[in-house]
Amino acid sequence: MGRRIRWTLAGTGLAVAALTAGLLVAVDGHRVTPVAETGTADPPQDTAISPTPVTSTSEVPYPDLSSVAADLADAVTAASPGTSVGFVLYDRESGKELASLDADRPLYTASVVKLLIAIDEVHDDATGTWALPDADAVEDLTDMLAGSNDAIASAFWERNGGTTIVTRTAALIGLTHTTAPSDPTQWGMAKTSASDVLATYEFLEDVVPDEVASPLLTALGNARDPADDGWDQYFGIPDGLPGRSWQIKQGWMILRNALVLNTTGVVGGRYVVALLTQQPLISSAKGRAAVTAGIKMLAPLLTQLDAT
């Protein structure tokens with residue numbers, strides 16, 4: 001856990017590129033063929049104090065949320081007909097799920113699985129303790145998250161147990177729809193759900209000790225565009241919600257007959273957004289535009305909520 005990962009991984013196996021049955025896959029831009037498819041002092045006793053009404057954030061007068069998920073899905077499918085969508089919007093301030101659609105449906109993670117790889121790296125499952133690795137490994141984690149660096153992810157994957165990373169981190173967080181890939185070389189072929197992505201961000205924000213979570217969240221807040229493989233990773237949350245701060249982990253993967261595009265993150269420190277899509281095999285530009293069109297539907301709602 002302390003060695004800097006800066007070499008080019010030889011062969012197709014370690015770079016998430018392996019021959020597997022029937023699908024041509026590109027994980028974050030690298031094509032492969034898989035086997036299977038984040039006091040004042042007390043007042044004097046005789047001083048009368050008028051109580052100040054306290055309004056619970058759980059009683060925020062929300063606008064109508066009934067059509068949010070459907071409107072988002074309609075925007076995605078209008079631009080990319082036939083797309084499968086898993087979506088959840090959650091307000092951390094009130095602890096309320098605001099909207100969701102097929103939030104428990106497992107879909108491919110692509111690079112969103114790097115959240116689990118990072119959490120696993122800073123947690124000792126045997127002792128239950130948390131600790132940052134040495135400075136070089138922290139820099140690797142930063143590049144893996146901010147640049148969505150595949151080679152670094154593959155090295156962590158091989159070094160820390162491959163598929164067991166997914167199973168033990170899912171158990172640690174309590175994820176119920178997240179499964180390891182059937183091909184142990186294909187970390188991007190793990191599956192998760194929008195609700196599990198939400199749980200992962202909540203775990204990273206609220207459970208992982210601050211000193212350990214801080215560099216990971218900073219990396220997510222500094223996601224660079226393009227990603228290290230040259231892919232435009234500002235689709236979805238960044239492009240759809242301009243002017244807002246975010247901590248994001250994006251995912252992209254090209255199958256033989258489908259395009260996987262995921263945008264996930266914490267927006268403005270308050271809202272967790274997870275939009276997972278499996279689209280027909282269209283151009284990556286059209287696919288990204290479809291995801292961004294869906295996220296744009298949230299902009300007026302978030303503006304309303306910010307005013308409450």
# chains A, B, ... in the order shown; residues from 1 in each chain; ligands from 1
$ residues_around --residues "range 277-292 of chain A" --least-positions-apart "6" --cutoff "7 Å" --atoms "only C-alpha atoms" --output "VMD selection string"
chain A and resid 76 79 to 80 82 to 86 235 to 237 239 to 240 257 to 262
$ residues_around --residues "Ile117 in chain A" --least-positions-apart "4" --cutoff "10 Å" --atoms "only C-alpha atoms" --output "ChimeraX atom specification"
/A:111-113,121-122,141,144-145,153-154,156-157,160,162,165-166,169,187
$ write_last_selection --atoms "N, CA and C atoms" --output "PDB file, in the first residue's frame"
ATOM      1  N   SER A 111     -16.686   3.325 -14.188  1.00  0.00           N
ATOM      2  CA  SER A 111     -15.699   3.848 -13.224  1.00  0.00           C
ATOM      3  C   SER A 111     -16.279   4.299 -11.887  1.00  0.00           C
ATOM      4  N   VAL A 112     -17.593   4.256 -11.715  1.00  0.00           N
ATOM      5  CA  VAL A 112     -18.163   4.578 -10.406  1.00  0.00           C
ATOM      6  C   VAL A 112     -17.664   3.584  -9.352  1.00  0.00           C
ATOM      7  N   VAL A 113     -17.267   2.384  -9.785  1.00  0.00           N
ATOM      8  CA  VAL A 113     -16.726   1.399  -8.847  1.00  0.00           C
ATOM      9  C   VAL A 113     -15.441   1.900  -8.192  1.00  0.00           C
ATOM     10  N   GLU A 121      -9.193   0.846  -0.021  1.00  0.00           N
ATOM     11  CA  GLU A 121      -7.770   1.129   0.178  1.00  0.00           C
ATOM     12  C   GLU A 121      -7.489   1.783   1.528  1.00  0.00           C
ATOM     13  N   VAL A 122      -8.429   2.555   2.049  1.00  0.00           N
ATOM     14  CA  VAL A 122      -8.190   3.283   3.308  1.00  0.00           C
ATOM     15  C   VAL A 122      -8.823   2.596   4.515  1.00  0.00           C
ATOM     16  N   LEU A 141      -4.569   7.643  -5.300  1.00  0.00           N
ATOM     17  CA  LEU A 141      -6.015   7.700  -5.080  1.00  0.00           C
ATOM     18  C   LEU A 141      -6.588   8.982  -5.675  1.00  0.00           C
ATOM     19  N   MET A 144      -6.720   8.578  -9.409  1.00  0.00           N
ATOM     20  CA  MET A 144      -7.739   7.605  -9.793  1.00  0.00           C
ATOM     21  C   MET A 144      -9.131   8.232  -9.763  1.00  0.00           C
ATOM     22  N   LEU A 145      -9.388   9.111  -8.786  1.00  0.00           N
ATOM     23  CA  LEU A 145     -10.706   9.723  -8.654  1.00  0.00           C
ATOM     24  C   LEU A 145     -10.848  10.981  -9.493  1.00  0.00           C
ATOM     25  N   ALA A 153      -6.438   2.392 -11.090  1.00  0.00           N
ATOM     26  CA  ALA A 153      -7.536   1.572 -10.571  1.00  0.00           C
ATOM     27  C   ALA A 153      -7.232   0.093 -10.739  1.00  0.00           C
ATOM     28  N   SER A 154      -6.684  -0.285 -11.880  1.00  0.00           N
ATOM     29  CA  SER A 154      -6.376  -1.689 -12.145  1.00  0.00           C
ATOM     30  C   SER A 154      -5.293  -2.209 -11.199  1.00  0.00           C
ATOM     31  N   PHE A 156      -4.607  -1.023  -8.081  1.00  0.00           N
ATOM     32  CA  PHE A 156      -5.249  -1.197  -6.771  1.00  0.00           C
ATOM     33  C   PHE A 156      -6.105  -2.468  -6.777  1.00  0.00           C
ATOM     34  N   TRP A 157      -6.816  -2.675  -7.870  1.00  0.00           N
ATOM     35  CA  TRP A 157      -7.712  -3.830  -8.015  1.00  0.00           C
ATOM     36  C   TRP A 157      -6.929  -5.134  -7.866  1.00  0.00           C
ATOM     37  N   ASN A 160      -5.255  -5.464  -4.159  1.00  0.00           N
ATOM     38  CA  ASN A 160      -6.117  -5.558  -2.983  1.00  0.00           C
ATOM     39  C   ASN A 160      -7.185  -6.645  -3.061  1.00  0.00           C
ATOM     40  N   GLY A 162      -9.037  -7.779  -6.075  1.00  0.00           N
ATOM     41  CA  GLY A 162      -9.980  -7.876  -7.191  1.00  0.00           C
ATOM     42  C   GLY A 162     -11.426  -7.833  -6.756  1.00  0.00           C
ATOM     43  N   ILE A 165     -12.794  -6.809  -3.324  1.00  0.00           N
ATOM     44  CA  ILE A 165     -12.939  -5.386  -2.981  1.00  0.00           C
ATOM     45  C   ILE A 165     -14.411  -5.005  -3.001  1.00  0.00           C
ATOM     46  N   VAL A 166     -15.106  -5.431  -4.030  1.00  0.00           N
ATOM     47  CA  VAL A 166     -16.522  -5.086  -4.171  1.00  0.00           C
ATOM     48  C   VAL A 166     -17.354  -5.770  -3.092  1.00  0.00           C
ATOM     49  N   THR A 169     -16.487  -4.318   0.513  1.00  0.00           N
ATOM     50  CA  THR A 169     -16.879  -2.922   0.692  1.00  0.00           C
ATOM     51  C   THR A 169     -18.396  -2.780   0.649  1.00  0.00           C
ATOM     52  N   TRP A 187     -13.182  -4.757 -13.622  1.00  0.00           N
ATOM     53  CA  TRP A 187     -13.791  -4.013 -12.521  1.00  0.00           C
ATOM     54  C   TRP A 187     -14.954  -3.133 -12.972  1.00  0.00           C
TER      55      TRP A 187
END
$ select_by_dssp --residues "range 59-138 of chain A" --states "helix (DSSP H, G or I)" --output "VMD selection string"
chain A and resid 59 68 to 79 110 to 121 135 to 138
$ atom_distance --atom1 "CA of Ala126 in chain A" --atom2 "CA of Val207 in chain A"
17.7 Å
$ atom_distance --atom1 "CA of Trp231 in chain A" --atom2 "CA of Ala293 in chain A"
18.5 Å
$ residues_around --residues "range 220-230 of chain A" --least-positions-apart "4" --cutoff "8 Å" --atoms "only C-alpha atoms" --output "list in words"
Asp28, Gly29, Thr38, Leu145, Ala146, Gly147, Ser148, Asn149, Leu216, Tyr234, Ser245, Trp246, Gln247, Ile248 and Lys249 of chain A
$ select_by_dssp --residues "range 49-254 of chain A" --states "strand (DSSP E or B)" --output "VMD selection string"
chain A and resid 84 to 91 96 to 101 107 to 108 123 to 124 129 to 130 179 191 to 192 246 to 254
$ closest_residue --among "A:Val212, A:Leu302, A:Val273, A:Ala190" --to "Asp134 in chain A" --atoms "only C-alpha atoms"
A:Val212
$ atom_distance --atom1 "CA of Tyr90 in chain A" --atom2 "CA of Pro215 in chain A"
23.2 Å
$ closest_residue --among "A:Ala170, A:Ala110, A:Ile119, A:Leu276" --to "Ala73 in chain A" --atoms "only C-alpha atoms"
A:Leu276
$ residues_around --residues "range 62-67 of chain A" --least-positions-apart "5" --cutoff "10 Å" --atoms "only C-alpha atoms" --output "JSON, numbers by chain"
{"A": [72, 73, 98, 99, 100, 301, 304, 305, 308]}
$ residues_around --residues "range 195-197 of chain A" --least-positions-apart "2" --cutoff "8 Å" --atoms "only C-alpha atoms" --output "PyMOL selection string"
chain A and resi 87-88+103-104+175-178+192-193+199-201+264+274
$ closest_residue --among "A:Leu89, A:Gly188, A:Arg159, A:Ile173" --to "Asp206 in chain A" --atoms "only C-alpha atoms"
A:Ile173
